[in-house]
Amino acid sequence: MMSAIQQQICQSLQVLAPQEGYTASLLEEVRFMRADQPIERTPVLYEPSIIIVCQGRKRGYLADRIWHYDAQQFLVLSVPLPFSSETEATPEEPMLAVAVKLNLALATELLMLVGESGKQLVSAPEGMVSTPLDAPLLDVLHRLLKALQSPLETRALGASLLRELYFRVLMSEQGGAIRAALACQGHFGRIARALNHIHQQWQSPLNVPMLAEKAGMSVPRFHIHFKAITHTSPIQYIKSVRLHQARLMMIRSNLPAAKTALQVGYESASQFNREFRRFFGRSPGDETRRMKQALALLPPAELERQAISH
């Protein structure tokens with residue numbers, strides 16, 4: 001059963017996320033997620049972020065592991081990861097969630113403060129962590145959502161509330177694993193650098209020896225540590241990033257599949273269509289139409305008008 005503060009959070013999200021899909025907020029780092037119907041297991045690519053589901057339930061699948069994120073526990077990704085996600089929702093009880101992009105500069109500043117306090121990085125780093133949603137985090141989330149309903153309060157309080165939310169995440173039950181990951185120590189840090197390079201240069205030629213060199217590892221060691229963190233091979237990871245980028249291109253720019261295939265590095269449109277269908281379970285055209293409905297973003301100006309009217 002929901003606590004009083006959780007009920008108030010959901011009431012705020014009903015206002016801030018009036019339609020299905022993603023809704024932009026008055027803060028660049030924060031978006032709202034809503035689903036009024038269940039969403040079958042589908043490939044997703046999350047950037048480093050904090051995902052707090054306040055109503056409904058989501059599950060993440062990566063290799064043979066399952067992560068649950070719902071009204072009891074939230075998800076943190078410290079590196080960009082492609083995985084599969086499934087959503088439980090109904091029109092009577094829609095899935096309502098908050099997605100907060102990780103600002104690595106702010107996270108690093110807070111990590112230094114936590115380190116100076118004597119908190120040690122005793123946990124192994126994890127690329128994806130599901131951790132209990134505690135009272136201090138619920139409290140700051142409640143205050144952040146109330147502020148985001150007012151342009152003035154957002155300008156006055158938004159940055160400080162976001163900073164507090166980051167701090168509560170770093171100090172949560174699985175905060176040690178999150179802090180260790182964000183500190184980019186050891187093999188995890190080397191693979192994280194390679195992952196960031198893939199996401200910055202996905203349109204350029206990429207190969208495993210070059211990525212291993214950037215990570216300062218031999219090719220065999222790079223393969224071992226890469227798979228331990230991402231649960232997939234470097235080549236499959238690169239392919240998934242390019243297919244996700246292709247889908248995004250077609251959604252945003254209405255590019256045809258054949259032209260998109262060339263832009264993401266495929267020489268053959270037929271090969272692109274085959275691999276796209278194998279990965280997403282739908283043809284490029286069908287998937288683009290579906291995602292345009294699911295991922296519609298309200299522009300901040302429209303959100304501001306809605307916030308004022310409520």
# chains A, B, ... in the order shown; residues from 1 in each chain; ligands from 1
$ residues_around --residues "region 220-235 of chain A" --least-positions-apart "3" --cutoff "12 Å" --atoms "only C-alpha atoms" --output "PDB file with N, CA and C atoms, in the first residue's frame"
ATOM      1  N   LEU A  45      17.838   1.565 -24.760  1.00  0.00           N
ATOM      2  CA  LEU A  45      19.207   2.011 -24.526  1.00  0.00           C
ATOM      3  C   LEU A  45      19.136   3.184 -23.567  1.00  0.00           C
ATOM      4  N   TYR A  61      15.916  -6.531 -18.250  1.00  0.00           N
ATOM      5  CA  TYR A  61      16.538  -7.838 -18.509  1.00  0.00           C
ATOM      6  C   TYR A  61      17.884  -7.619 -19.200  1.00  0.00           C
ATOM      7  N   LEU A  62      18.925  -8.173 -18.608  1.00  0.00           N
ATOM      8  CA  LEU A  62      20.256  -8.090 -19.195  1.00  0.00           C
ATOM      9  C   LEU A  62      20.936  -9.428 -18.967  1.00  0.00           C
ATOM     10  N   ALA A  63      21.229 -10.134 -20.081  1.00  0.00           N
ATOM     11  CA  ALA A  63      21.751 -11.505 -20.005  1.00  0.00           C
ATOM     12  C   ALA A  63      20.774 -12.342 -19.174  1.00  0.00           C
ATOM     13  N   ASP A  64      21.261 -12.979 -18.103  1.00  0.00           N
ATOM     14  CA  ASP A  64      20.387 -13.850 -17.308  1.00  0.00           C
ATOM     15  C   ASP A  64      19.923 -13.172 -16.021  1.00  0.00           C
ATOM     16  N   ARG A  65      20.085 -11.851 -15.930  1.00  0.00           N
ATOM     17  CA  ARG A  65      19.698 -11.131 -14.724  1.00  0.00           C
ATOM     18  C   ARG A  65      18.450 -10.286 -14.972  1.00  0.00           C
ATOM     19  N   LEU A  77      21.757   3.589 -13.525  1.00  0.00           N
ATOM     20  CA  LEU A  77      22.736   3.152 -14.518  1.00  0.00           C
ATOM     21  C   LEU A  77      23.900   4.129 -14.484  1.00  0.00           C
ATOM     22  N   SER A  78      25.093   3.617 -14.198  1.00  0.00           N
ATOM     23  CA  SER A  78      26.272   4.475 -14.122  1.00  0.00           C
ATOM     24  C   SER A  78      27.036   4.507 -15.441  1.00  0.00           C
ATOM     25  N   VAL A  79      26.695   3.618 -16.366  1.00  0.00           N
ATOM     26  CA  VAL A  79      27.261   3.625 -17.718  1.00  0.00           C
ATOM     27  C   VAL A  79      26.105   3.412 -18.694  1.00  0.00           C
ATOM     28  N   PRO A  80      26.244   3.844 -19.951  1.00  0.00           N
ATOM     29  CA  PRO A  80      25.172   3.602 -20.927  1.00  0.00           C
ATOM     30  C   PRO A  80      25.065   2.106 -21.229  1.00  0.00           C
ATOM     31  N   LEU A  81      23.856   1.569 -21.128  1.00  0.00           N
ATOM     32  CA  LEU A  81      23.674   0.132 -21.329  1.00  0.00           C
ATOM     33  C   LEU A  81      22.448  -0.150 -22.184  1.00  0.00           C
ATOM     34  N   PRO A  82      22.584  -0.983 -23.204  1.00  0.00           N
ATOM     35  CA  PRO A  82      21.413  -1.512 -23.906  1.00  0.00           C
ATOM     36  C   PRO A  82      20.910  -2.761 -23.191  1.00  0.00           C
ATOM     37  N   PHE A  83      19.613  -2.822 -22.932  1.00  0.00           N
ATOM     38  CA  PHE A  83      19.019  -4.001 -22.315  1.00  0.00           C
ATOM     39  C   PHE A  83      17.565  -4.066 -22.753  1.00  0.00           C
ATOM     40  N   ALA A 124      31.860  -3.465  -4.856  1.00  0.00           N
ATOM     41  CA  ALA A 124      32.317  -3.589  -6.239  1.00  0.00           C
ATOM     42  C   ALA A 124      31.448  -2.709  -7.121  1.00  0.00           C
ATOM     43  N   PRO A 125      32.041  -2.075  -8.140  1.00  0.00           N
ATOM     44  CA  PRO A 125      31.235  -1.220  -9.020  1.00  0.00           C
ATOM     45  C   PRO A 125      30.247  -2.034  -9.847  1.00  0.00           C
ATOM     46  N   GLU A 126      29.076  -1.476 -10.096  1.00  0.00           N
ATOM     47  CA  GLU A 126      28.040  -2.113 -10.905  1.00  0.00           C
ATOM     48  C   GLU A 126      27.550  -1.117 -11.941  1.00  0.00           C
ATOM     49  N   GLY A 127      27.369  -1.581 -13.186  1.00  0.00           N
ATOM     50  CA  GLY A 127      26.863  -0.705 -14.231  1.00  0.00           C
ATOM     51  C   GLY A 127      25.386  -0.412 -14.089  1.00  0.00           C
ATOM     52  N   MET A 128      24.639  -1.360 -13.502  1.00  0.00           N
ATOM     53  CA  MET A 128      23.198  -1.190 -13.296  1.00  0.00           C
ATOM     54  C   MET A 128      22.853  -1.740 -11.922  1.00  0.00           C
ATOM     55  N   VAL A 129      22.148  -0.933 -11.131  1.00  0.00           N
ATOM     56  CA  VAL A 129      21.829  -1.290  -9.751  1.00  0.00           C
ATOM     57  C   VAL A 129      20.369  -0.993  -9.475  1.00  0.00           C
ATOM     58  N   ALA A 181      31.231   2.750  -9.064  1.00  0.00           N
ATOM     59  CA  ALA A 181      31.118   2.807 -10.523  1.00  0.00           C
ATOM     60  C   ALA A 181      31.408   4.214 -11.035  1.00  0.00           C
ATOM     61  N   GLY A 186      39.647   0.991 -11.457  1.00  0.00           N
ATOM     62  CA  GLY A 186      40.078  -0.309 -11.937  1.00  0.00           C
ATOM     63  C   GLY A 186      39.566  -0.647 -13.326  1.00  0.00           C
ATOM     64  N   HIS A 187      39.296  -1.943 -13.526  1.00  0.00           N
ATOM     65  CA  HIS A 187      38.837  -2.419 -14.834  1.00  0.00           C
ATOM     66  C   HIS A 187      37.526  -1.754 -15.236  1.00  0.00           C
ATOM     67  N   PHE A 188      36.646  -1.514 -14.266  1.00  0.00           N
ATOM     68  CA  PHE A 188      35.357  -0.880 -14.569  1.00  0.00           C
ATOM     69  C   PHE A 188      35.584   0.477 -15.229  1.00  0.00           C
ATOM     70  N   GLY A 189      36.503   1.257 -14.673  1.00  0.00           N
ATOM     71  CA  GLY A 189      36.780   2.577 -15.231  1.00  0.00           C
ATOM     72  C   GLY A 189      37.321   2.503 -16.643  1.00  0.00           C
ATOM     73  N   ARG A 190      38.167   1.525 -16.907  1.00  0.00           N
ATOM     74  CA  ARG A 190      38.720   1.391 -18.262  1.00  0.00           C
ATOM     75  C   ARG A 190      37.639   1.028 -19.273  1.00  0.00           C
ATOM     76  N   ILE A 191      36.758   0.105 -18.895  1.00  0.00           N
ATOM     77  CA  ILE A 191      35.663  -0.255 -19.799  1.00  0.00           C
ATOM     78  C   ILE A 191      34.695   0.909 -19.960  1.00  0.00           C
ATOM     79  N   ALA A 192      34.459   1.654 -18.874  1.00  0.00           N
ATOM     80  CA  ALA A 192      33.571   2.823 -18.963  1.00  0.00           C
ATOM     81  C   ALA A 192      34.104   3.825 -19.979  1.00  0.00           C
ATOM     82  N   ARG A 193      35.432   4.006 -20.025  1.00  0.00           N
ATOM     83  CA  ARG A 193      36.009   4.921 -21.018  1.00  0.00           C
ATOM     84  C   ARG A 193      35.754   4.418 -22.427  1.00  0.00           C
ATOM     85  N   ALA A 194      35.862   3.106 -22.621  1.00  0.00           N
ATOM     86  CA  ALA A 194      35.587   2.530 -23.944  1.00  0.00           C
ATOM     87  C   ALA A 194      34.118   2.694 -24.321  1.00  0.00           C
ATOM     88  N   LEU A 195      33.223   2.500 -23.364  1.00  0.00           N
ATOM     89  CA  LEU A 195      31.795   2.667 -23.629  1.00  0.00           C
ATOM     90  C   LEU A 195      31.478   4.111 -24.014  1.00  0.00           C
ATOM     91  N   ILE A 198      32.494   4.694 -27.559  1.00  0.00           N
ATOM     92  CA  ILE A 198      31.532   4.123 -28.517  1.00  0.00           C
ATOM     93  C   ILE A 198      30.351   5.075 -28.700  1.00  0.00           C
ATOM     94  N   TRP A 202      30.028   6.610 -32.456  1.00  0.00           N
ATOM     95  CA  TRP A 202      29.370   5.435 -33.026  1.00  0.00           C
ATOM     96  C   TRP A 202      29.259   5.501 -34.544  1.00  0.00           C
ATOM     97  N   PRO A 205      34.352   4.432 -37.777  1.00  0.00           N
ATOM     98  CA  PRO A 205      34.765   3.019 -37.740  1.00  0.00           C
ATOM     99  C   PRO A 205      35.233   2.635 -36.331  1.00  0.00           C
ATOM    100  N   LEU A 206      34.708   1.549 -35.826  1.00  0.00           N
ATOM    101  CA  LEU A 206      35.073   1.061 -34.494  1.00  0.00           C
ATOM    102  C   LEU A 206      35.456  -0.405 -34.591  1.00  0.00           C
ATOM    103  N   ASN A 207      36.527  -0.774 -33.906  1.00  0.00           N
ATOM    104  CA  ASN A 207      36.901  -2.194 -33.860  1.00  0.00           C
ATOM    105  C   ASN A 207      37.444  -2.512 -32.476  1.00  0.00           C
ATOM    106  N   VAL A 208      37.467  -3.785 -32.169  1.00  0.00           N
ATOM    107  CA  VAL A 208      37.837  -4.222 -30.817  1.00  0.00           C
ATOM    108  C   VAL A 208      39.286  -3.887 -30.472  1.00  0.00           C
ATOM    109  N   PRO A 209      40.281  -4.118 -31.351  1.00  0.00           N
ATOM    110  CA  PRO A 209      41.658  -3.765 -30.985  1.00  0.00           C
ATOM    111  C   PRO A 209      41.808  -2.284 -30.630  1.00  0.00           C
ATOM    112  N   MET A 210      41.151  -1.401 -31.364  1.00  0.00           N
ATOM    113  CA  MET A 210      41.244   0.023 -31.073  1.00  0.00           C
ATOM    114  C   MET A 210      40.615   0.347 -29.718  1.00  0.00           C
ATOM    115  N   LEU A 211      39.440  -0.263 -29.420  1.00  0.00           N
ATOM    116  CA  LEU A 211      38.790  -0.018 -28.135  1.00  0.00           C
ATOM    117  C   LEU A 211      39.615  -0.588 -26.982  1.00  0.00           C
ATOM    118  N   ALA A 212      40.228  -1.762 -27.201  1.00  0.00           N
ATOM    119  CA  ALA A 212      41.081  -2.355 -26.173  1.00  0.00           C
ATOM    120  C   ALA A 212      42.275  -1.460 -25.882  1.00  0.00           C
ATOM    121  N   GLU A 213      42.835  -0.864 -26.935  1.00  0.00           N
ATOM    122  CA  GLU A 213      43.962   0.042 -26.752  1.00  0.00           C
ATOM    123  C   GLU A 213      43.554   1.260 -25.931  1.00  0.00           C
ATOM    124  N   LYS A 214      42.365   1.797 -26.208  1.00  0.00           N
ATOM    125  CA  LYS A 214      41.885   2.945 -25.446  1.00  0.00           C
ATOM    126  C   LYS A 214      41.679   2.588 -23.982  1.00  0.00           C
ATOM    127  N   ALA A 215      41.306   1.340 -23.728  1.00  0.00           N
ATOM    128  CA  ALA A 215      41.103   0.889 -22.354  1.00  0.00           C
ATOM    129  C   ALA A 215      42.405   0.473 -21.687  1.00  0.00           C
ATOM    130  N   GLY A 216      43.499   0.441 -22.456  1.00  0.00           N
ATOM    131  CA  GLY A 216      44.778   0.032 -21.895  1.00  0.00           C
ATOM    132  C   GLY A 216      44.830  -1.433 -21.544  1.00  0.00           C
ATOM    133  N   MET A 217      44.180  -2.262 -22.366  1.00  0.00           N
ATOM    134  CA  MET A 217      44.112  -3.700 -22.100  1.00  0.00           C
ATOM    135  C   MET A 217      44.488  -4.474 -23.352  1.00  0.00           C
ATOM    136  N   ILE A 238      28.230  -2.510 -29.971  1.00  0.00           N
ATOM    137  CA  ILE A 238      28.316  -1.482 -31.013  1.00  0.00           C
ATOM    138  C   ILE A 238      27.114  -1.582 -31.949  1.00  0.00           C
ATOM    139  N   LYS A 239      26.763  -2.810 -32.339  1.00  0.00           N
ATOM    140  CA  LYS A 239      25.613  -3.001 -33.236  1.00  0.00           C
ATOM    141  C   LYS A 239      24.336  -2.499 -32.585  1.00  0.00           C
ATOM    142  N   SER A 240      24.142  -2.788 -31.293  1.00  0.00           N
ATOM    143  CA  SER A 240      22.910  -2.352 -30.626  1.00  0.00           C
ATOM    144  C   SER A 240      22.852  -0.831 -30.535  1.00  0.00           C
ATOM    145  N   VAL A 241      23.990  -0.187 -30.267  1.00  0.00           N
ATOM    146  CA  VAL A 241      24.006   1.280 -30.205  1.00  0.00           C
ATOM    147  C   VAL A 241      23.625   1.864 -31.560  1.00  0.00           C
ATOM    148  N   ARG A 242      24.185   1.324 -32.639  1.00  0.00           N
ATOM    149  CA  ARG A 242      23.888   1.849 -33.981  1.00  0.00           C
ATOM    150  C   ARG A 242      22.431   1.610 -34.362  1.00  0.00           C
TER     151      ARG A 242
END
$ select_by_dssp --residues "region 65-184 of chain A" --states "helix (DSSP H, G or I)" --output "JSON, numbers by chain"
{"A": [104, 105, 106, 107, 108, 109, 110, 111, 112, 113, 114, 115, 116, 135, 136, 137, 138, 139, 140, 141, 142, 143, 144, 145, 146, 147, 151, 152, 153, 154, 155, 156, 157, 158, 159, 160, 161, 162, 163, 164, 165, 166, 167, 168, 169, 170, 175, 176, 177, 178, 179, 180, 181, 182]}
$ write_last_selection --atoms "C-alpha atoms" --output "PDB file, in the first residue's frame"
ATOM      1  CA  LEU A 104      28.790  13.384 -14.036  1.00  0.00           C
ATOM      2  CA  ALA A 105      30.410  16.680 -12.997  1.00  0.00           C
ATOM      3  CA  LEU A 106      27.965  17.089 -10.120  1.00  0.00           C
ATOM      4  CA  ALA A 107      28.223  13.404  -9.207  1.00  0.00           C
ATOM      5  CA  THR A 108      32.025  13.692  -9.072  1.00  0.00           C
ATOM      6  CA  GLU A 109      31.801  16.742  -6.796  1.00  0.00           C
ATOM      7  CA  LEU A 110      29.504  14.868  -4.419  1.00  0.00           C
ATOM      8  CA  LEU A 111      31.739  11.786  -4.543  1.00  0.00           C
ATOM      9  CA  MET A 112      34.633  13.926  -3.329  1.00  0.00           C
ATOM     10  CA  LEU A 113      32.548  15.271  -0.444  1.00  0.00           C
ATOM     11  CA  VAL A 114      31.413  11.771   0.519  1.00  0.00           C
ATOM     12  CA  GLY A 115      35.027  10.563   0.347  1.00  0.00           C
ATOM     13  CA  GLU A 116      36.208  13.407   2.579  1.00  0.00           C
ATOM     14  CA  ALA A 135      12.261   7.889   2.999  1.00  0.00           C
ATOM     15  CA  PRO A 136      14.951  10.586   2.443  1.00  0.00           C
ATOM     16  CA  LEU A 137      14.881  10.011  -1.337  1.00  0.00           C
ATOM     17  CA  LEU A 138      11.069  10.036  -1.420  1.00  0.00           C
ATOM     18  CA  ASP A 139      11.084  13.308   0.492  1.00  0.00           C
ATOM     19  CA  VAL A 140      13.413  15.122  -1.920  1.00  0.00           C
ATOM     20  CA  LEU A 141      11.581  13.659  -4.943  1.00  0.00           C
ATOM     21  CA  HIS A 142       8.287  14.980  -3.554  1.00  0.00           C
ATOM     22  CA  ARG A 143       9.749  18.482  -3.106  1.00  0.00           C
ATOM     23  CA  LEU A 144      11.386  18.394  -6.569  1.00  0.00           C
ATOM     24  CA  LEU A 145       8.110  17.484  -8.304  1.00  0.00           C
ATOM     25  CA  LYS A 146       6.246  20.236  -6.462  1.00  0.00           C
ATOM     26  CA  ALA A 147       8.898  22.745  -7.551  1.00  0.00           C
ATOM     27  CA  PRO A 151       8.567  27.987 -13.301  1.00  0.00           C
ATOM     28  CA  LEU A 152       9.610  30.345 -10.485  1.00  0.00           C
ATOM     29  CA  GLU A 153      10.218  27.534  -7.972  1.00  0.00           C
ATOM     30  CA  THR A 154      12.099  25.566 -10.621  1.00  0.00           C
ATOM     31  CA  ARG A 155      14.458  28.495 -11.242  1.00  0.00           C
ATOM     32  CA  ALA A 156      14.886  29.169  -7.528  1.00  0.00           C
ATOM     33  CA  LEU A 157      15.066  25.626  -6.119  1.00  0.00           C
ATOM     34  CA  GLY A 158      15.502  23.141  -8.974  1.00  0.00           C
ATOM     35  CA  ALA A 159      19.313  22.936  -9.002  1.00  0.00           C
ATOM     36  CA  SER A 160      19.608  22.525  -5.220  1.00  0.00           C
ATOM     37  CA  LEU A 161      16.865  19.876  -5.117  1.00  0.00           C
ATOM     38  CA  LEU A 162      18.525  17.959  -7.950  1.00  0.00           C
ATOM     39  CA  ARG A 163      21.821  18.079  -6.034  1.00  0.00           C
ATOM     40  CA  GLU A 164      20.085  16.710  -2.934  1.00  0.00           C
ATOM     41  CA  LEU A 165      18.481  13.923  -4.970  1.00  0.00           C
ATOM     42  CA  TYR A 166      21.904  12.888  -6.319  1.00  0.00           C
ATOM     43  CA  PHE A 167      23.281  12.855  -2.780  1.00  0.00           C
ATOM     44  CA  ARG A 168      20.446  10.650  -1.497  1.00  0.00           C
ATOM     45  CA  VAL A 169      21.054   8.203  -4.353  1.00  0.00           C
ATOM     46  CA  LEU A 170      24.784   8.039  -3.562  1.00  0.00           C
ATOM     47  CA  GLY A 175      25.134   3.582  -2.901  1.00  0.00           C
ATOM     48  CA  GLY A 176      28.558   2.004  -2.404  1.00  0.00           C
ATOM     49  CA  ALA A 177      28.314   0.137  -5.719  1.00  0.00           C
ATOM     50  CA  ILE A 178      27.052   3.295  -7.439  1.00  0.00           C
ATOM     51  CA  ARG A 179      29.831   5.432  -5.965  1.00  0.00           C
ATOM     52  CA  ALA A 180      32.435   2.858  -6.952  1.00  0.00           C
ATOM     53  CA  ALA A 181      31.118   2.807 -10.523  1.00  0.00           C
ATOM     54  CA  LEU A 182      31.004   6.598 -10.841  1.00  0.00           C
TER      55      LEU A 182
END
$ residues_around --residues "region 284-289 of chain A" --least-positions-apart "6" --cutoff "10 Å" --atoms "only C-alpha atoms" --output "ChimeraX atom specification"
/A:243,246-252,254,256-258,260,272-277
$ closest_residue --among "A:Cys10, A:Ile50, A:Ala89, A:Val44" --to "Gln245 (chain A)" --atoms "only C-alpha atoms"
A:Val44
$ select_by_dssp --residues "region 1-175 of chain A" --states "strand (DSSP E or B)" --output "VMD selection string"
chain A and resid 21 to 24 30 to 35 39 to 46 49 to 55 57 to 62 65 to 70 73 to 77 81 to 88 95 to 101 128 to 132
$ closest_residue --among "A:Arg282, A:Arg41, A:Lys101, A:Arg57" --to "Glu29 (chain A)" --atoms "only C-alpha atoms"
A:Lys101
$ atom_distance --atom1 "CA of Glu20 (chain A)" --atom2 "CA of Tyr69 (chain A)"
18.6 Å
$ atom_distance --atom1 "CA of Leu75 (chain A)" --atom2 "CA of Ile51 (chain A)"
5.1 Å
$ closest_residue --among "A:Arg290, A:Gln201, A:Glu47, A:Ala99" --to "Thr23 (chain A)" --atoms "only C-alpha atoms"
A:Ala99
$ atom_distance --atom1 "CA of Ser150 (chain A)" --atom2 "CA of Val100 (chain A)"
18.3 Å
$ closest_residue --among "A:Val264, A:Gln236, A:Ala183, A:Ala17" --to "Val30 (chain A)" --atoms "only C-alpha atoms"
A:Ala17
$ decode --residues "region 177-190 of chain A" --atoms "N, CA, C and O atoms" --output "compact mmCIF listing (two decimals), in the first residue's frame"
# COMPACT_ATOMS: atom_id res chain seq x y z
N ALA A 177 28.07 0.64 -4.37
CA ALA A 177 28.31 0.14 -5.72
C ALA A 177 28.19 1.25 -6.75
O ALA A 177 28.95 1.30 -7.73
N ILE A 178 27.23 2.16 -6.52
CA ILE A 178 27.05 3.29 -7.44
C ILE A 178 28.25 4.23 -7.35
O ILE A 178 28.79 4.67 -8.38
N ARG A 179 28.68 4.53 -6.13
CA ARG A 179 29.83 5.43 -5.96
C ARG A 179 31.09 4.83 -6.58
O ARG A 179 31.88 5.51 -7.23
N ALA A 180 31.26 3.52 -6.38
CA ALA A 180 32.43 2.86 -6.95
C ALA A 180 32.42 2.92 -8.47
O ALA A 180 33.45 3.13 -9.12
N ALA A 181 31.23 2.75 -9.06
CA ALA A 181 31.12 2.81 -10.52
C ALA A 181 31.41 4.21 -11.03
O ALA A 181 32.16 4.40 -12.00
N LEU A 182 30.81 5.22 -10.39
CA LEU A 182 31.00 6.60 -10.84
C LEU A 182 32.43 7.08 -10.62
O LEU A 182 32.91 7.96 -11.31
N ALA A 183 33.11 6.48 -9.64
CA ALA A 183 34.51 6.83 -9.43
C ALA A 183 35.41 6.24 -10.52
O ALA A 183 36.58 6.61 -10.63
N CYS A 184 34.86 5.33 -11.32
CA CYS A 184 35.57 4.73 -12.46
C CYS A 184 36.92 4.15 -12.05
O CYS A 184 37.98 4.52 -12.58
N GLN A 185 36.87 3.24 -11.09
CA GLN A 185 38.10 2.63 -10.61
C GLN A 185 38.38 1.31 -11.31
O GLN A 185 37.47 0.59 -11.71
N GLY A 186 39.65 0.99 -11.46
CA GLY A 186 40.08 -0.31 -11.94
C GLY A 186 39.57 -0.65 -13.33
O GLY A 186 39.43 0.20 -14.20
N HIS A 187 39.30 -1.94 -13.53
CA HIS A 187 38.84 -2.42 -14.83
C HIS A 187 37.53 -1.75 -15.24
O HIS A 187 37.31 -1.47 -16.42
N PHE A 188 36.65 -1.51 -14.27
CA PHE A 188 35.36 -0.88 -14.57
C PHE A 188 35.58 0.48 -15.23
O PHE A 188 34.95 0.82 -16.22
N GLY A 189 36.50 1.26 -14.67
CA GLY A 189 36.78 2.58 -15.23
C GLY A 189 37.32 2.50 -16.64
O GLY A 189 36.97 3.33 -17.50
N ARG A 190 38.17 1.53 -16.91
CA ARG A 190 38.72 1.39 -18.26
C ARG A 190 37.64 1.03 -19.27
O ARG A 190 37.60 1.57 -20.38
